file target_15.cif (mmCIF, C-alpha atoms and all ligand atoms)
data_structure
#
loop_
_atom_site.label_atom_id
_atom_site.label_comp_id
_atom_site.auth_asym_id
_atom_site.auth_seq_id
_atom_site.Cartn_x
_atom_site.Cartn_y
_atom_site.Cartn_z
CA MET A 1 -10.87 -22.37 -25.13
CA GLN A 2 -12.64 -23.66 -22.02
CA LYS A 3 -12.02 -21.94 -18.70
CA ILE A 4 -11.83 -24.41 -15.85
CA CYS A 5 -12.26 -24.02 -12.11
CA VAL A 6 -10.61 -26.83 -10.15
CA LEU A 7 -12.10 -27.12 -6.65
CA GLY A 8 -9.63 -29.10 -4.53
CA SER A 9 -6.72 -28.65 -6.93
CA THR A 10 -4.08 -29.86 -4.44
CA GLY A 11 -5.78 -33.24 -3.90
CA SER A 12 -5.33 -36.46 -5.79
CA ILE A 13 -8.10 -35.70 -8.34
CA GLY A 14 -7.09 -32.03 -8.55
CA VAL A 15 -3.48 -32.89 -9.42
CA SER A 16 -4.59 -35.45 -12.03
CA THR A 17 -6.94 -32.85 -13.53
CA LEU A 18 -4.12 -30.33 -13.88
CA ASP A 19 -1.94 -33.04 -15.43
CA VAL A 20 -4.54 -33.55 -18.19
CA ILE A 21 -5.10 -29.80 -18.63
CA ALA A 22 -1.34 -29.21 -19.00
CA ARG A 23 -1.30 -31.60 -21.96
CA HIS A 24 -3.79 -29.40 -23.88
CA PRO A 25 -2.94 -25.70 -23.47
CA GLU A 26 -4.79 -24.97 -26.73
CA LEU A 27 -8.06 -26.35 -25.28
CA TYR A 28 -8.09 -25.37 -21.59
CA ALA A 29 -7.21 -22.38 -19.45
CA VAL A 30 -7.38 -22.45 -15.66
CA PHE A 31 -9.81 -19.89 -14.25
CA ALA A 32 -9.53 -20.74 -10.55
CA LEU A 33 -7.71 -23.16 -8.23
CA THR A 34 -8.68 -23.90 -4.64
CA ALA A 35 -7.04 -25.64 -1.69
CA HIS A 36 -7.75 -25.91 1.98
CA THR A 37 -4.35 -25.77 3.70
CA GLN A 38 -1.64 -26.75 1.21
CA VAL A 39 -0.60 -23.21 0.40
CA ARG A 40 2.86 -23.99 -1.01
CA LYS A 41 1.51 -26.57 -3.41
CA LEU A 42 -1.21 -24.13 -4.50
CA ALA A 43 1.39 -21.40 -5.08
CA GLU A 44 3.34 -23.78 -7.35
CA GLN A 45 0.15 -24.60 -9.26
CA CYS A 46 -0.56 -20.88 -9.66
CA ALA A 47 2.95 -20.36 -11.04
CA GLN A 48 2.35 -23.06 -13.63
CA PHE A 49 -1.26 -22.30 -14.63
CA ASN A 50 -1.66 -18.60 -13.89
CA PRO A 51 -5.33 -18.68 -12.83
CA SER A 52 -7.40 -15.53 -12.31
CA PHE A 53 -8.28 -16.65 -8.76
CA ALA A 54 -6.91 -18.88 -6.02
CA VAL A 55 -9.02 -19.73 -2.97
CA VAL A 56 -7.79 -21.02 0.41
CA GLY A 57 -9.52 -21.86 3.69
CA THR A 58 -8.56 -19.03 6.03
CA ALA A 59 -7.40 -15.40 6.11
CA LEU A 60 -4.05 -16.56 7.46
CA ALA A 61 -3.55 -18.99 4.59
CA ALA A 62 -4.56 -16.22 2.16
CA THR A 63 -1.86 -13.87 3.50
CA GLU A 64 0.70 -16.64 3.23
CA LEU A 65 -0.33 -17.39 -0.36
CA GLN A 66 -0.26 -13.69 -1.32
CA LEU A 67 3.34 -13.42 -0.08
CA LEU A 68 4.40 -16.49 -2.04
CA LEU A 69 2.71 -15.24 -5.21
CA ARG A 70 4.26 -11.79 -4.87
CA GLU A 71 7.72 -13.37 -4.60
CA LYS A 72 7.05 -15.11 -7.91
CA ASN A 73 5.44 -12.04 -9.56
CA ILE A 74 2.15 -13.85 -10.08
CA THR A 75 -0.97 -11.71 -10.42
CA THR A 76 -3.55 -14.33 -9.34
CA GLU A 77 -6.12 -12.78 -7.00
CA VAL A 78 -6.33 -14.56 -3.63
CA LEU A 79 -9.67 -15.17 -1.87
CA TYR A 80 -10.57 -17.28 1.15
CA GLY A 81 -13.47 -19.06 2.83
CA PRO A 82 -16.48 -21.16 1.78
CA GLN A 83 -18.32 -18.24 0.15
CA ALA A 84 -15.33 -17.59 -2.13
CA LEU A 85 -15.46 -21.23 -3.27
CA CYS A 86 -19.08 -20.70 -4.36
CA GLU A 87 -18.18 -17.45 -6.10
CA VAL A 88 -15.42 -18.92 -8.28
CA ALA A 89 -17.50 -22.03 -9.03
CA SER A 90 -20.39 -19.92 -10.34
CA ALA A 91 -18.50 -16.99 -11.94
CA THR A 92 -19.64 -16.04 -15.44
CA GLU A 93 -16.10 -16.34 -16.85
CA CYS A 94 -15.91 -19.99 -15.84
CA ASP A 95 -17.17 -22.72 -18.23
CA ALA A 96 -16.50 -25.97 -16.36
CA VAL A 97 -16.01 -26.87 -12.71
CA MET A 98 -14.07 -29.90 -11.49
CA ALA A 99 -15.73 -30.62 -8.13
CA ALA A 100 -12.90 -32.42 -6.31
CA ILE A 101 -13.11 -31.25 -2.72
CA VAL A 102 -13.46 -34.22 -0.38
CA GLY A 103 -16.58 -34.71 1.72
CA ALA A 104 -19.48 -32.51 2.75
CA ALA A 105 -17.24 -29.42 2.57
CA GLY A 106 -17.57 -29.63 -1.20
CA LEU A 107 -21.36 -29.47 -1.37
CA PRO A 108 -22.01 -25.70 -1.35
CA ALA A 109 -19.55 -24.96 -4.17
CA SER A 110 -20.58 -28.01 -6.24
CA LEU A 111 -24.21 -26.96 -5.85
CA ALA A 112 -23.35 -23.36 -6.78
CA ALA A 113 -21.81 -24.65 -10.02
CA ALA A 114 -24.97 -26.70 -10.67
CA HIS A 115 -27.23 -23.69 -10.07
CA ALA A 116 -25.06 -21.53 -12.34
CA GLY A 117 -25.51 -23.92 -15.29
CA LYS A 118 -21.87 -24.93 -15.53
CA LYS A 119 -20.44 -28.09 -16.98
CA VAL A 120 -20.03 -29.90 -13.63
CA LEU A 121 -17.37 -32.60 -13.50
CA LEU A 122 -18.36 -34.40 -10.34
CA ALA A 123 -15.73 -36.29 -8.35
CA ASN A 124 -17.10 -35.15 -4.95
CA LYS A 125 -19.55 -38.05 -4.54
CA GLU A 126 -20.37 -37.07 -0.94
CA ALA A 127 -22.02 -33.88 -2.26
CA LEU A 128 -24.46 -35.88 -4.39
CA VAL A 129 -25.07 -38.50 -1.69
CA MET A 130 -25.96 -35.77 0.82
CA SER A 131 -28.17 -33.68 -1.41
CA GLY A 132 -29.62 -36.19 -3.91
CA GLN A 133 -32.74 -34.84 -5.56
CA LEU A 134 -31.85 -31.24 -4.68
CA PHE A 135 -28.62 -31.53 -6.68
CA ILE A 136 -30.31 -33.17 -9.67
CA ASP A 137 -33.06 -30.54 -9.61
CA ALA A 138 -30.44 -27.75 -9.62
CA ILE A 139 -28.72 -29.30 -12.64
CA GLN A 140 -31.98 -29.68 -14.53
CA ALA A 141 -33.37 -26.25 -13.66
CA SER A 142 -30.24 -24.41 -14.83
CA GLY A 143 -29.53 -26.59 -17.86
CA ALA A 144 -26.12 -27.53 -16.45
CA THR A 145 -24.31 -30.62 -17.72
CA LEU A 146 -23.43 -33.18 -15.07
CA LEU A 147 -20.52 -35.45 -15.99
CA PRO A 148 -19.51 -38.19 -13.54
CA ILE A 149 -15.78 -38.39 -12.83
CA ASP A 150 -15.90 -41.25 -10.33
CA SER A 151 -14.41 -44.01 -12.51
CA GLU A 152 -17.36 -46.40 -12.07
CA HIS A 153 -19.98 -43.80 -12.95
CA ASN A 154 -17.91 -42.48 -15.79
CA ALA A 155 -17.73 -46.07 -17.09
CA ILE A 156 -21.51 -46.51 -16.77
CA PHE A 157 -22.06 -43.15 -18.48
CA GLN A 158 -19.91 -44.42 -21.35
CA CYS A 159 -21.82 -47.73 -21.50
CA LEU A 160 -25.27 -46.10 -21.60
CA PRO A 161 -26.70 -44.84 -24.91
CA GLN A 162 -25.77 -41.23 -25.82
CA ALA A 163 -29.47 -40.38 -25.75
CA TYR A 164 -29.96 -41.77 -22.23
CA ASP A 165 -32.64 -39.64 -20.57
CA ARG A 166 -32.73 -41.00 -17.01
CA ARG A 167 -35.26 -43.72 -17.86
CA PRO A 168 -33.47 -47.08 -17.51
CA GLN A 169 -36.57 -49.08 -18.59
CA GLN A 170 -36.96 -47.13 -21.83
CA HIS A 171 -33.38 -47.95 -22.77
CA GLY A 172 -33.57 -51.66 -21.99
CA VAL A 173 -31.27 -51.46 -18.98
CA HIS A 174 -31.46 -54.60 -16.86
CA LYS A 175 -28.77 -53.88 -14.24
CA ILE A 176 -26.05 -51.38 -13.51
CA ILE A 177 -23.01 -53.31 -12.28
CA LEU A 178 -20.54 -51.33 -10.19
CA THR A 179 -17.18 -53.03 -9.95
CA ALA A 180 -15.13 -52.78 -6.76
CA SER A 181 -11.52 -53.75 -6.12
CA GLY A 182 -12.40 -55.05 -2.65
CA GLY A 183 -9.67 -52.84 -1.18
CA PRO A 184 -6.55 -53.85 0.74
CA PHE A 185 -8.34 -56.24 3.16
CA LEU A 186 -10.22 -58.41 0.69
CA ASN A 187 -8.30 -61.56 1.59
CA ARG A 188 -7.81 -61.00 5.33
CA THR A 189 -9.79 -62.87 7.96
CA LEU A 190 -12.42 -60.76 9.68
CA ASP A 191 -10.79 -61.10 13.11
CA SER A 192 -7.44 -59.89 11.84
CA LEU A 193 -9.06 -56.55 10.94
CA ASP A 194 -9.41 -55.52 14.58
CA ASN A 195 -5.90 -54.15 14.77
CA VAL A 196 -5.22 -52.74 11.31
CA THR A 197 -3.53 -49.34 11.27
CA PRO A 198 -4.54 -46.27 9.24
CA ASN A 199 -1.46 -46.73 7.05
CA GLU A 200 -2.47 -50.32 6.22
CA ALA A 201 -6.01 -49.15 5.45
CA VAL A 202 -4.94 -46.40 3.04
CA ALA A 203 -2.55 -48.66 1.09
CA HIS A 204 -4.89 -49.36 -1.81
CA PRO A 205 -3.75 -52.13 -4.17
CA ASN A 206 -4.72 -50.39 -7.46
CA TRP A 207 -5.41 -46.68 -6.97
CA VAL A 208 -3.50 -43.81 -5.34
CA MET A 209 -6.12 -41.60 -3.67
CA GLY A 210 -6.77 -39.23 -0.77
CA ARG A 211 -6.82 -40.76 2.73
CA LYS A 212 -10.57 -40.51 3.33
CA ILE A 213 -11.61 -42.29 0.13
CA SER A 214 -8.86 -44.87 0.69
CA VAL A 215 -10.33 -45.83 4.08
CA ASP A 216 -13.77 -45.85 2.43
CA SER A 217 -12.40 -48.35 -0.10
CA ALA A 218 -11.10 -50.59 2.69
CA THR A 219 -14.52 -50.65 4.41
CA MET A 220 -16.29 -50.66 1.04
CA MET A 221 -18.31 -47.64 2.19
CA ASN A 222 -16.87 -46.09 -0.95
CA LYS A 223 -18.84 -48.61 -3.00
CA GLY A 224 -21.89 -47.98 -0.83
CA LEU A 225 -21.68 -44.23 -1.48
CA GLU A 226 -21.23 -45.07 -5.16
CA VAL A 227 -24.43 -47.15 -5.19
CA ILE A 228 -26.28 -44.07 -3.91
CA GLU A 229 -24.40 -41.86 -6.37
CA ALA A 230 -25.43 -44.19 -9.23
CA HIS A 231 -29.04 -44.02 -8.11
CA TRP A 232 -29.07 -40.22 -8.43
CA LEU A 233 -26.99 -40.02 -11.59
CA PHE A 234 -28.85 -42.63 -13.61
CA ASN A 235 -32.23 -42.67 -11.88
CA ALA A 236 -32.09 -46.41 -11.20
CA PRO A 237 -33.63 -48.01 -8.09
CA ALA A 238 -31.42 -49.79 -5.52
CA GLU A 239 -32.63 -53.19 -6.82
CA GLN A 240 -31.21 -52.40 -10.25
CA ILE A 241 -27.73 -51.52 -8.95
CA GLU A 242 -25.36 -54.40 -8.23
CA VAL A 243 -21.85 -54.51 -6.81
CA LEU A 244 -19.28 -56.98 -8.09
CA ILE A 245 -15.78 -57.36 -6.71
CA HIS A 246 -13.17 -57.35 -9.48
CA PRO A 247 -9.71 -57.21 -7.89
CA GLN A 248 -7.78 -56.12 -11.02
CA SER A 249 -9.74 -52.83 -11.45
CA VAL A 250 -9.53 -53.13 -15.23
CA ILE A 251 -13.28 -53.15 -15.87
CA HIS A 252 -14.44 -49.89 -14.31
CA SER A 253 -18.14 -50.86 -14.39
CA MET A 254 -20.78 -52.37 -16.67
CA VAL A 255 -24.32 -52.03 -17.90
CA SER A 256 -26.32 -55.20 -18.43
CA TYR A 257 -29.20 -54.93 -20.94
CA LEU A 258 -32.47 -56.86 -21.30
CA ASP A 259 -31.29 -58.60 -24.48
CA GLY A 260 -28.40 -60.24 -22.63
CA SER A 261 -25.71 -57.78 -23.74
CA VAL A 262 -23.30 -56.52 -21.13
CA LEU A 263 -21.26 -53.43 -22.00
CA ALA A 264 -18.11 -52.75 -19.99
CA GLN A 265 -15.62 -49.89 -20.00
CA MET A 266 -12.02 -50.95 -19.45
CA GLY A 267 -8.69 -49.26 -18.99
CA ASN A 268 -5.70 -48.99 -16.70
CA PRO A 269 -6.72 -47.79 -13.24
CA ASP A 270 -5.78 -44.11 -13.64
CA MET A 271 -8.23 -41.29 -12.90
CA ARG A 272 -6.86 -39.22 -15.80
CA THR A 273 -9.03 -41.33 -18.16
CA PRO A 274 -12.42 -40.31 -16.67
CA ILE A 275 -11.10 -36.78 -16.09
CA ALA A 276 -10.07 -36.41 -19.75
CA TYR A 277 -13.43 -37.86 -20.81
CA GLY A 278 -15.25 -35.29 -18.68
CA LEU A 279 -13.12 -32.37 -19.84
CA ALA A 280 -13.41 -33.11 -23.56
CA TYR A 281 -16.91 -34.67 -23.65
CA PRO A 282 -18.24 -35.59 -26.18
CA LYS A 283 -14.78 -35.67 -27.79
CA ARG A 284 -11.80 -37.77 -26.72
CA ILE A 285 -8.37 -36.39 -25.95
CA ASN A 286 -5.05 -37.83 -24.84
CA SER A 287 -5.01 -38.27 -21.05
CA GLY A 288 -1.45 -39.48 -20.61
CA VAL A 289 -2.71 -42.93 -19.56
CA ALA A 290 -0.88 -45.87 -21.15
CA PRO A 291 -3.01 -48.09 -23.42
CA LEU A 292 -4.43 -51.18 -21.72
CA ASP A 293 -2.42 -54.33 -22.42
CA LEU A 294 -4.84 -57.18 -21.75
CA ALA A 295 -2.23 -59.83 -22.56
CA LYS A 296 -0.23 -58.50 -19.62
CA VAL A 297 -3.31 -58.42 -17.35
CA MET A 298 -4.03 -62.03 -18.37
CA GLN A 299 -6.90 -62.60 -15.96
CA LEU A 300 -10.05 -60.79 -14.96
CA ASN A 301 -11.63 -62.20 -11.78
CA PHE A 302 -15.01 -61.57 -10.19
CA ILE A 303 -16.37 -62.29 -6.70
CA ALA A 304 -19.81 -61.50 -5.25
CA PRO A 305 -19.44 -59.17 -2.22
CA ASP A 306 -20.09 -60.53 1.25
CA PHE A 307 -22.20 -58.10 3.31
CA LYS A 308 -20.98 -59.69 6.57
CA ARG A 309 -17.45 -58.85 5.64
CA PHE A 310 -18.35 -55.37 4.44
CA PRO A 311 -21.20 -54.14 6.70
CA CYS A 312 -20.78 -50.57 5.38
CA LEU A 313 -22.01 -51.73 1.99
CA GLU A 314 -25.16 -53.10 3.56
CA LEU A 315 -25.66 -49.89 5.57
CA ALA A 316 -25.45 -47.84 2.38
CA TYR A 317 -28.00 -49.99 0.54
CA ALA A 318 -30.30 -49.67 3.56
CA ALA A 319 -29.88 -45.87 3.58
CA LEU A 320 -30.71 -45.68 -0.12
CA LYS A 321 -33.84 -47.80 0.35
CA THR A 322 -34.93 -45.72 3.35
CA GLY A 323 -34.31 -42.52 1.41
CA ARG A 324 -35.03 -38.97 2.60
CA SER A 325 -32.41 -37.97 5.20
CA ALA A 326 -30.88 -41.46 5.57
CA PRO A 327 -28.05 -41.02 3.00
CA THR A 328 -27.14 -37.62 4.50
CA ILE A 329 -26.87 -39.21 7.96
CA LEU A 330 -24.87 -42.15 6.59
CA ASN A 331 -22.40 -39.83 4.89
CA ALA A 332 -21.92 -37.49 7.86
CA SER A 333 -21.46 -40.32 10.33
CA ASN A 334 -19.01 -42.04 7.99
CA GLU A 335 -16.91 -38.86 7.64
CA ILE A 336 -16.64 -38.58 11.43
CA ALA A 337 -15.93 -42.29 11.98
CA VAL A 338 -13.27 -42.37 9.26
CA GLN A 339 -11.55 -39.30 10.69
CA ALA A 340 -11.64 -40.86 14.17
CA PHE A 341 -10.06 -44.02 12.76
CA LEU A 342 -7.37 -42.00 10.96
CA ASP A 343 -6.69 -40.14 14.24
CA GLY A 344 -6.28 -43.43 16.10
CA LYS A 345 -9.37 -42.87 18.26
CA ILE A 346 -11.33 -45.94 17.14
CA GLY A 347 -10.45 -49.27 15.58
CA PHE A 348 -11.18 -50.13 11.96
CA ARG A 349 -14.13 -52.35 12.78
CA MET A 350 -15.74 -49.63 14.89
CA ILE A 351 -16.38 -47.53 11.78
CA ASP A 352 -19.46 -49.46 10.68
CA GLN A 353 -20.67 -49.80 14.26
CA VAL A 354 -20.66 -46.04 14.83
CA ILE A 355 -22.58 -45.49 11.61
CA ALA A 356 -25.10 -48.24 12.37
CA ARG A 357 -25.84 -46.76 15.79
CA VAL A 358 -26.30 -43.26 14.40
CA MET A 359 -28.57 -44.54 11.61
CA ASP A 360 -30.57 -46.38 14.21
CA LYS A 361 -31.00 -43.45 16.58
CA LEU A 362 -31.78 -40.50 14.33
CA SER A 363 -35.25 -40.05 12.95
CA ILE A 364 -35.60 -39.92 9.18
CA ARG A 365 -37.15 -36.84 7.65
CA GLU A 366 -37.60 -34.98 4.38
CA LEU A 367 -34.78 -32.50 3.57
CA SER A 368 -36.13 -29.78 1.33
CA ASP A 369 -33.25 -27.31 1.10
CA ILE A 370 -29.52 -26.98 1.71
CA ASP A 371 -30.02 -25.58 5.22
CA ALA A 372 -32.04 -28.64 6.20
CA ILE A 373 -29.34 -30.87 4.71
CA PHE A 374 -26.57 -29.21 6.72
CA GLU A 375 -28.68 -29.24 9.88
CA CYS A 376 -29.13 -33.00 9.48
CA ASP A 377 -25.43 -33.39 8.63
CA GLN A 378 -24.44 -31.53 11.83
CA GLU A 379 -26.83 -33.54 13.97
CA ALA A 380 -25.40 -36.82 12.66
CA ARG A 381 -21.83 -35.57 13.20
CA ALA A 382 -22.59 -34.55 16.79
CA LEU A 383 -24.16 -37.91 17.62
CA SER A 384 -21.27 -39.79 15.96
CA LEU A 385 -18.75 -37.85 18.05
CA GLU A 386 -20.73 -38.58 21.19
CA ILE A 387 -20.81 -42.31 20.42
CA ILE A 388 -17.06 -42.29 19.71
CA ARG A 389 -16.34 -40.53 23.04
CA THR A 390 -18.32 -43.03 25.14
P1 LIG B 401 -7.76 -35.50 -1.40
O1 LIG B 401 -7.84 -35.61 0.06
O2 LIG B 401 -6.53 -35.96 -2.10
O3 LIG B 401 -7.99 -33.96 -1.83
C1 LIG B 401 -9.04 -33.21 -1.29
C2 LIG B 401 -9.01 -31.76 -1.78
O4 LIG B 401 -10.06 -31.06 -1.13
C3 LIG B 401 -7.70 -31.02 -1.46
O5 LIG B 401 -7.39 -30.14 -2.50
C4 LIG B 401 -8.09 -30.21 -0.20
O6 LIG B 401 -7.37 -29.00 -0.11
C5 LIG B 401 -9.55 -29.93 -0.43
N1 LIG B 401 -10.29 -29.78 0.83
C6 LIG B 401 -10.30 -30.65 1.88
N2 LIG B 401 -11.08 -30.19 2.87
C7 LIG B 401 -11.58 -29.00 2.45
C8 LIG B 401 -12.43 -28.02 3.04
N3 LIG B 401 -12.95 -28.18 4.27
N4 LIG B 401 -12.72 -26.91 2.32
C9 LIG B 401 -12.21 -26.74 1.09
N5 LIG B 401 -11.38 -27.63 0.47
C10 LIG B 401 -11.07 -28.74 1.15
O7 LIG B 401 -9.03 -36.25 -2.00
P2 LIG B 401 -9.22 -36.94 -3.42
O8 LIG B 401 -8.79 -38.36 -3.34
O9 LIG B 401 -8.66 -36.08 -4.51
O10 LIG B 401 -10.81 -36.97 -3.52
C11 LIG B 401 -11.56 -35.82 -3.84
C12 LIG B 401 -13.01 -36.23 -4.11
O11 LIG B 401 -13.03 -37.04 -5.29
C13 LIG B 401 -13.62 -37.08 -2.99
O12 LIG B 401 -14.97 -36.74 -2.88
C14 LIG B 401 -13.47 -38.49 -3.49
O13 LIG B 401 -14.49 -39.35 -3.01
C15 LIG B 401 -13.62 -38.29 -4.99
N6 LIG B 401 -12.96 -39.33 -5.80
C16 LIG B 401 -11.61 -39.50 -5.71
C17 LIG B 401 -10.99 -40.48 -6.46
C18 LIG B 401 -9.49 -40.67 -6.43
O14 LIG B 401 -8.97 -41.51 -7.18
N7 LIG B 401 -8.76 -39.96 -5.61
C19 LIG B 401 -11.76 -41.31 -7.29
C20 LIG B 401 -13.12 -41.11 -7.35
C21 LIG B 401 -13.73 -40.11 -6.61
MG MG B 402 -14.99 -44.84 -7.65
#
call {"tool": "encode", "arguments": {"input": "target_15.cif", "output": "structure tokens"}}
result
Amino acid sequence: MQKICVLGSTGSIGVSTLDVIARHPELYAVFALTAHTQVRKLAEQCAQFNPSFAVVGTALAATELQLLLREKNITTEVLYGPQALCEVASATECDAVMAAIVGAAGLPASLAAAHAGKKVLLANKEALVMSGQLFIDAIQASGATLLPIDSEHNAIFQCLPQAYDRRPQQHGVHKIILTASGGPFLNRTLDSLDNVTPNEAVAHPNWVMGRKISVDSATMMNKGLEVIEAHWLFNAPAEQIEVLIHPQSVIHSMVSYLDGSVLAQMGNPDMRTPIAYGLAYPKRINSGVAPLDLAKVMQLNFIAPDFKRFPCLELAYAALKTGRSAPTILNASNEIAVQAFLDGKIGFRMIDQVIARVMDKLSIRELSDIDAIFECDQEARALSLEIIRT
């Protein structure tokens, strides 16, 4: 029986994770659930899964959750605040951690799980983009297992040899090909993007996801973050990582080998597949996802991405090539710009402009520990806010 901590259990990935766990009560028990503000939803999850701990953002939310749990006679212990997230993610009783908090807020707890040698199921790509080598070092030093949950990276993981040891050359890897849906604006003219609304931007054609990642998909910053994520996960240089638009989202990514072989992982676009793969690895379990019917799909199309159309993708490649603090700055500035867009403070096409200006202005430096990473993150956020205000 594996004991699982789900960080961000009320989010899109969190809910899908609990859906898979509920299908296998003989294999998984829930050790801890965490949410930021959605206390009622968390209380319902506690009633269903009876975790040892539940973590919320504030003391006020904790009191509210305690009352709800008492009404239902649930004995789950309630904790709150960022430190509590790290505690549950690194507790000895916990075997595996689903890191599914969105954005930089997820880094400390994801890193705590890495340091504690847990099986880390990583959905929180921003954590890896921000901390890069530091995160990989923590995994290696503790002997933790890092399993990618992002569908593309999970696909690549499945297409690489079992014995893959972070040396692409040794394994005959020619290219890693990340597929991208192209998001909701793939076929719109550039000029028509000036006035798109947040609701149009989050209406993804193939996936139902949280609002932040949905906007990232529309700008293709999501794919840019994924290029950086792939670099850290598989130790491949930027030149070896390619992006290919594939509007059906049936092929989740591919690995092209030196002998001409290309291996792809396919399936219906449903995050329960990579989640089930991560939970059961190296075994396979039922995820609740319907089998892929290729006769119904009929066509698989591919288009090379246009950097002019998706400047965020180009910014992300540039950040990866620059290295050091550049990806941390990119991520922080993107989080601020996306939130400003969602709040109606800037237009859609301002997102990449804010990021470009911040990348241009801040000096690049080495980030040797988590404090340095958060200092850089804060600096980039402050400058982004300033640019948005003026
Ligand atoms: P979401 O917005 O639906 O859920 C986010 C979760 O994080 C919620 O449980 C929320 O309570 C929690 N949270 C938010 N801010 C927090 C804070 N400051 N402190 C503590 N907890 C906080 O997001 P999502 O779509 O589930 O995405 C989660 C992560 O997984 C993101 O990093 C995203 O990039 C990644 N991811 C998501 C998908 C997907 O299909 N949704 C696919 C691949 C990767
Ligand atoms: Mg993805």
call {"tool": "residues_around", "arguments": {"input": "target_15.cif", "residues": "region 306-323 of chain A", "least_positions_apart": "2", "cutoff": "9 Å", "atoms": "only C-alpha atoms", "output": "VMD selection string"}}
result
chain A and resid 186 189 to 190 216 218 to 225 227 to 228 231 237 to 238 303 to 304 325 to 331 351 to 353 355 to 356 359 364 to 366
call {"tool": "closest_atom_pairs", "arguments": {"input": "target_15.cif", "of": "chain A", "to": "ligand LIG 401 (chain B)", "cutoff": "7 Å", "atoms": "all atoms listed in the file", "output": "Markdown table"}}
result
| residue | atom | partner | partner_atom | distance |
| --- | --- | --- | --- | --- |
| A:Leu7 | CA | B:LIG401 | O5 | 7.0 |
| A:Gly8 | CA | B:LIG401 | O5 | 3.2 |
| A:Ser9 | CA | B:LIG401 | O5 | 4.7 |
| A:Thr10 | CA | B:LIG401 | O5 | 3.8 |
| A:Gly11 | CA | B:LIG401 | O3 | 3.1 |
| A:Ser12 | CA | B:LIG401 | O9 | 3.6 |
| A:Ile13 | CA | B:LIG401 | O9 | 3.9 |
| A:Gly14 | CA | B:LIG401 | O9 | 5.9 |
| A:Thr34 | CA | B:LIG401 | O5 | 6.7 |
| A:Ala35 | CA | B:LIG401 | O6 | 3.7 |
| A:His36 | CA | B:LIG401 | O6 | 3.7 |
| A:Thr37 | CA | B:LIG401 | O6 | 5.8 |
| A:Gln38 | CA | B:LIG401 | O6 | 6.3 |
| A:Gly57 | CA | B:LIG401 | N4 | 6.1 |
| A:Pro82 | CA | B:LIG401 | N4 | 6.9 |
| A:Ala100 | CA | B:LIG401 | C12 | 4.4 |
| A:Ile101 | CA | B:LIG401 | O4 | 3.4 |
| A:Val102 | CA | B:LIG401 | O12 | 3.9 |
| A:Gly103 | CA | B:LIG401 | O12 | 5.3 |
| A:Ala105 | CA | B:LIG401 | N3 | 4.8 |
| A:Gly106 | CA | B:LIG401 | C9 | 6.5 |
| A:Ala123 | CA | B:LIG401 | O11 | 4.1 |
| A:Asn124 | CA | B:LIG401 | O12 | 3.4 |
| A:Lys125 | CA | B:LIG401 | O12 | 5.0 |
| A:Glu126 | CA | B:LIG401 | O12 | 5.7 |
| A:Ile149 | CA | B:LIG401 | C20 | 6.7 |
| A:Asp150 | CA | B:LIG401 | C20 | 4.1 |
| A:Ser151 | CA | B:LIG401 | C20 | 6.1 |
| A:Trp207 | CA | B:LIG401 | O14 | 6.3 |
| A:Val208 | CA | B:LIG401 | O14 | 6.2 |
| A:Met209 | CA | B:LIG401 | N7 | 3.7 |
| A:Gly210 | CA | B:LIG401 | O8 | 3.4 |
| A:Arg211 | CA | B:LIG401 | O1 | 5.9 |
| A:Lys212 | CA | B:LIG401 | O1 | 6.5 |
| A:Ile213 | CA | B:LIG401 | O13 | 5.2 |
| A:Met271 | CA | B:LIG401 | O14 | 5.8 |
call {"tool": "residues_around", "arguments": {"input": "target_15.cif", "residues": "Glu379 (chain A)", "least_positions_apart": "4", "cutoff": "9 Å", "atoms": "only C-alpha atoms", "output": "PyMOL selection string"}}
result
chain A and resi 329+332+362+374-375+383-384
call {"tool": "residues_near_point", "arguments": {"input": "target_15.cif", "point": "(-10.0, -54.9, -11.6)", "cutoff": "10 Å", "atoms": "all atoms listed in the file", "output": "list of chain:residue names"}}
result
A:Thr179, A:Ala180, A:Ser181, A:Gly182, A:Asn206, A:Ile245, A:His246, A:Pro247, A:Gln248, A:Ser249, A:Val250, A:Ile251, A:His252, A:Ser253, A:Met266, A:Gly267, A:Asn268, A:Pro269, A:Val297, A:Gln299, A:Leu300, A:Asn301, A:Phe302
call {"tool": "closest_residue", "arguments": {"input": "target_15.cif", "among": "A:Thr145, A:Thr75, A:Thr92, A:Ser368", "to": "Lys3 (chain A)", "atoms": "only C-alpha atoms"}}
result
A:Thr92
call {"tool": "atom_distance", "arguments": {"input": "target_15.cif", "atom1": "CA of Met98 (chain A)", "atom2": "CA of Ile4 (chain A)"}}
result
7.4 Å
call {"tool": "atom_distance", "arguments": {"input": "target_15.cif", "atom1": "CA of Val255 (chain A)", "atom2": "CA of Pro161 (chain A)"}}
result
10.3 Å
call {"tool": "atom_distance", "arguments": {"input": "target_15.cif", "atom1": "CA of Leu367 (chain A)", "atom2": "CA of Arg381 (chain A)"}}
result
16.4 Å
call {"tool": "closest_residue", "arguments": {"input": "target_15.cif", "among": "A:Leu233, A:Leu134, A:Leu27, A:Val78", "to": "Leu122 (chain A)", "atoms": "all atoms listed in the file"}}
result
A:Leu233
call {"tool": "closest_residue", "arguments": {"input": "target_15.cif", "among": "A:Asn187, A:Asn235, A:Thr63, A:Ser261", "to": "Ala43 (chain A)", "atoms": "only C-alpha atoms"}}
result
A:Thr63
call {"tool": "closest_residue", "arguments": {"input": "target_15.cif", "among": "A:Asn73, A:Ser192, A:Gln83, A:Ser214", "to": "ligand MG 402 (chain B)", "atoms": "all atoms listed in the file"}}
result
A:Ser214
